[in-house]
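The structure appears right after this line, and notes come after that.
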Amino acid sequence: NRDLVLEITRLRAERARLLGFDTHAAYVTVDQTARTPEAVADMLGRLAPAAARNARAEQADLQAQLAEGETVEAWDWAHLTSAVRAEKFDVDFAAMRPYFEAERVLQDGVFYAANRLYGIRFTERPDLVAYHPDARVFEARNEDGSELGLYILDLYTRDSKRGGAWMNPLVSQSALLDTPTVVVNNLNVPKPAAGEPTLLTYDETNTLFHEFGHALHGLFARVTYPRFAGTNVFRDFVEFPSQVNEMWMLWPEVLENYAVHHRTGERMPQDLVDRLHASESFNEGFATSEYLAAALLDQAWHRITADDEVTDVAAFEAQALASVGLDNPAVPPRYASTYFAHTFSGGYDAGYYSYIWSEVLDADTVEWFRENGGLTRENGDRFRARLLGVGGSKDPLEAYRDFRGRDAEIEPLLKRRGLDR
Ligand SMILES: [Zn+2]
């Protein structure tokens with residue numbers, strides 16, 4: 001694939017020039033929250049040293065497991081860490097399942113958190129028939145009783161449904177057309193046998209909170225043009241509100257309200273949650289480094305101009321990684337250039353950075369909720385009015401500043417991943 005990498009990046013640089021941009025990365029980011037490749041480079045460059053430093057510390061720990069004369073190689077990493085993970089950070093996800101009964105998660109977890117934050121209420125409307133018998137329709141109303149829109153939950157998997165989980169706006173909010181907002185969440189939870197409860201896995205519970213965050217983004221829109229409603233925002237911004245909503249899944253007041261054993265009615269043992277938190281930052285130096293290295297490669301390939309002559313893929317890659325200190329041979333990029341489908345065929349060209357970009361905003365927002373007392377109406381109203389409601393009708397970073405009172409900082413993300421050492 002070396003020749004293809006060179007040809008694709010050269011053609012993209014040429015196209016960017018024809019369209020009036022210096023580089024393909026400039027052409028892509030102008031329509032993203034980041035706006036410029038320099039802003040992306042700045043963010044990645046600030047995260048890289050902390051990630052690399054922690055990966056080296058993790059490497060030293062793994063080295064201690066090896067015999068004299070042996071060194072940790074890239075291919076040893078997964079094997080060596082799985083032993084430590086099993087010994088020190090064994091999280092019993094199967095033991096959590098009986099506490100995640102789907103209806104309780106939905107009503108007493110997801111809807112409950114939204115009610116505490118935004119005052120909104122959801123009422124099922126069995127009289128409204130959706131596109132499939134499994135798709136349930138809920139009417140959402142504000143605290144004052146005014147209509148917010150319809151929320152459809154299509155929880156179960158079936159043969160005609162594609163895999164994964166997602167949110168769609170079926171009807172986008174707009175003052176222009178004055179139509180009711182309708183949003184749908186799809187998951188792929190296996191249907192239990194008749195008479196059995198639906199017990200969600202940890203991941204499915206987290207996914208429901210996540211997708212519901214997208215749904216709220218759609219329901220809270222208050223813009224003139226449907227083009228800018230709710231989730232019609234840039235790719236490096238759209239995951240941020242849904243990532244934030246995940247924080248309520250394990251928030252103590254919410255968790256104790258919904259996570260009770262479906263048979264005994266007992267609360268989930270705190271020990272299960274503690275072990276989960278303890279495992280969160282394990283191996284994050286490695287994971288963050290390999291991700292950042294791939295994101296930096298994606299940027300480097302798309303910051304060449306139509307005049308640049310790149311002929312050696314391996315040399316180009318090595319130089320790009322060395323320039324930011326992510327050239328530790330024991331921690332290679334998650335994808336090297338010759339098998340990096342996201343950037344060469346997956347639609348994430350010059351955009352692979354967006355995962356961590358939105359997570360920086362997410363972690364900084366979670367920190368804000370924590371600092372300000374968590375699950376309160378004041379906090380919810382501020383997040384709704386200044387951020388969720390404006391959708392794509394305003395520069396996202398301006399909306400962020402308006403909500404947060406300053407630009408996003410990277411420290412909360414470093415702390416979350418245990419990289420602030
Ligand atoms: Zn999402």
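All residue names refer to the structure tokens as shown: chains lettered A, B, ... in order, residues numbered from 1 in each chain, ligands numbered from 1 in order.
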
Problem set entry | Spatial neighbours of Lys191 in chain A, max dist 8 Å, only C-alpha atoms, sep filter under 5 positions, as a list in words |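 In the requested form, the answer reads Tyr156, Thr157 and Thr198 of chain A.
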
For this session: Residues within 12 Å of ligand 1 should be enumerated using only C-alpha atoms and all ligand atoms and returned as JSON, numbers by chain.
Result: {"A": [164, 165, 166, 167, 168, 185, 186, 187, 206, 207, 208, 209, 210, 211, 212, 213, 214, 215, 216, 217, 231, 235, 236, 237, 238, 239, 240, 241, 242, 243, 244, 245, 246, 355, 358, 359]}

For this session: Would you kindly return, as a ChimeraX atom specification, each protein, DNA or RNA residue with an atom no farther than 12 Å from any atom of Glu367 in chain A, considering only C-alpha atoms and excluding same-chain residues fewer than 2 positions away?
Result: /A:244,247,360-365,369-374,404,408-416

Export, as a short mmCIF file (atom, residue, chain, number, x, y, z; two decimals), in the first residue's frame, the selected residues with N, CA, C and O atoms.
```
data_model
loop_
_atom_site.label_atom_id
_atom_site.label_comp_id
_atom_site.auth_asym_id
_atom_site.auth_seq_id
_atom_site.Cartn_x
_atom_site.Cartn_y
_atom_site.Cartn_z
N VAL A 244 -20.81 13.32 27.56
CA VAL A 244 -21.09 13.95 28.86
C VAL A 244 -22.23 13.22 29.56
O VAL A 244 -22.17 12.94 30.76
N MET A 247 -21.79 10.35 32.04
CA MET A 247 -21.31 10.54 33.42
C MET A 247 -22.36 10.19 34.46
O MET A 247 -22.05 9.82 35.58
N VAL A 360 -11.81 15.75 25.18
CA VAL A 360 -11.25 16.84 25.99
C VAL A 360 -12.40 17.74 26.48
O VAL A 360 -12.48 18.10 27.66
N LEU A 361 -13.32 18.06 25.56
CA LEU A 361 -14.47 18.88 25.94
C LEU A 361 -15.34 18.14 26.96
O LEU A 361 -15.83 18.73 27.94
N ASP A 362 -15.53 16.85 26.71
CA ASP A 362 -16.34 16.01 27.61
C ASP A 362 -15.76 16.02 29.03
O ASP A 362 -16.46 16.33 30.00
N ALA A 363 -14.48 15.71 29.17
CA ALA A 363 -13.87 15.62 30.50
C ALA A 363 -13.89 16.97 31.21
O ALA A 363 -14.13 17.04 32.42
N ASP A 364 -13.68 18.04 30.43
CA ASP A 364 -13.68 19.38 31.02
C ASP A 364 -15.09 19.75 31.50
O ASP A 364 -15.26 20.44 32.51
N THR A 365 -16.12 19.26 30.80
CA THR A 365 -17.51 19.53 31.19
C THR A 365 -17.91 18.70 32.42
O THR A 365 -18.56 19.21 33.33
N PHE A 369 -19.42 20.04 36.00
CA PHE A 369 -20.58 19.54 36.75
C PHE A 369 -20.17 19.16 38.17
O PHE A 369 -20.86 19.47 39.13
N ARG A 370 -19.01 18.49 38.29
CA ARG A 370 -18.53 18.08 39.61
C ARG A 370 -18.28 19.29 40.50
O ARG A 370 -18.71 19.33 41.65
N GLU A 371 -17.57 20.27 39.96
CA GLU A 371 -17.22 21.47 40.74
C GLU A 371 -18.46 22.23 41.20
O GLU A 371 -18.43 22.92 42.20
N ASN A 372 -19.55 22.10 40.43
CA ASN A 372 -20.73 22.92 40.71
C ASN A 372 -21.89 22.15 41.33
O ASN A 372 -23.04 22.57 41.23
N GLY A 373 -21.58 21.01 41.94
CA GLY A 373 -22.63 20.32 42.68
C GLY A 373 -23.37 19.25 41.91
O GLY A 373 -24.38 18.74 42.38
N GLY A 374 -22.90 18.91 40.71
CA GLY A 374 -23.43 17.75 40.00
C GLY A 374 -24.83 17.90 39.46
O GLY A 374 -25.14 18.78 38.65
N ARG A 404 -18.91 27.33 29.69
CA ARG A 404 -17.88 26.97 30.66
C ARG A 404 -17.25 28.19 31.32
O ARG A 404 -16.66 28.10 32.39
N ALA A 408 -11.77 25.15 26.76
CA ALA A 408 -11.56 23.83 27.36
C ALA A 408 -10.09 23.64 27.71
O ALA A 408 -9.20 24.09 26.99
N GLU A 409 -9.84 22.97 28.82
CA GLU A 409 -8.47 22.65 29.22
C GLU A 409 -8.27 21.14 29.15
O GLU A 409 -9.22 20.38 29.29
N ILE A 410 -7.01 20.71 28.95
CA ILE A 410 -6.75 19.28 28.76
C ILE A 410 -6.57 18.53 30.09
O ILE A 410 -6.65 17.32 30.13
N GLU A 411 -6.35 19.27 31.17
CA GLU A 411 -6.02 18.61 32.44
C GLU A 411 -7.09 17.62 32.92
O GLU A 411 -6.74 16.53 33.38
N PRO A 412 -8.39 17.95 32.82
CA PRO A 412 -9.38 16.95 33.27
C PRO A 412 -9.28 15.62 32.51
O PRO A 412 -9.46 14.56 33.09
N LEU A 413 -8.97 15.67 31.23
CA LEU A 413 -8.83 14.43 30.48
C LEU A 413 -7.59 13.66 30.95
O LEU A 413 -7.63 12.44 31.13
N LEU A 414 -6.49 14.39 31.17
CA LEU A 414 -5.27 13.74 31.66
C LEU A 414 -5.54 13.07 33.00
O LEU A 414 -5.10 11.95 33.25
N LYS A 415 -6.30 13.77 33.84
CA LYS A 415 -6.62 13.21 35.16
C LYS A 415 -7.48 11.96 35.02
O LYS A 415 -7.23 10.95 35.66
N ARG A 416 -8.49 12.03 34.17
CA ARG A 416 -9.38 10.89 33.97
C ARG A 416 -8.60 9.66 33.52
O ARG A 416 -8.87 8.54 33.94
#
```

Problem set entry | Secondary structure check, helix (DSSP H, G or I) residues of range 323-403 of chain A, as a PyMOL selection string | chain A and resi 337-339+341-344+354-371+377-388+396-403

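With distances restricted to only C-alpha atoms, A:Tyr202 is the closest residue to Leu276 in chain A from A:Trp77, A:Tyr202, A:Tyr27, A:Tyr131.
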
For this session: With a distance cut-off of 10 Å and only C-alpha atoms, select the neighbouring residues of Gly392 in chain A, excluding the residue or stretch itself and same-chain residues fewer than 3 positions from it, and output the selection as a ChimeraX atom specification.
Result: /A:221,223,225-234,237-238,387-389,395-396,399
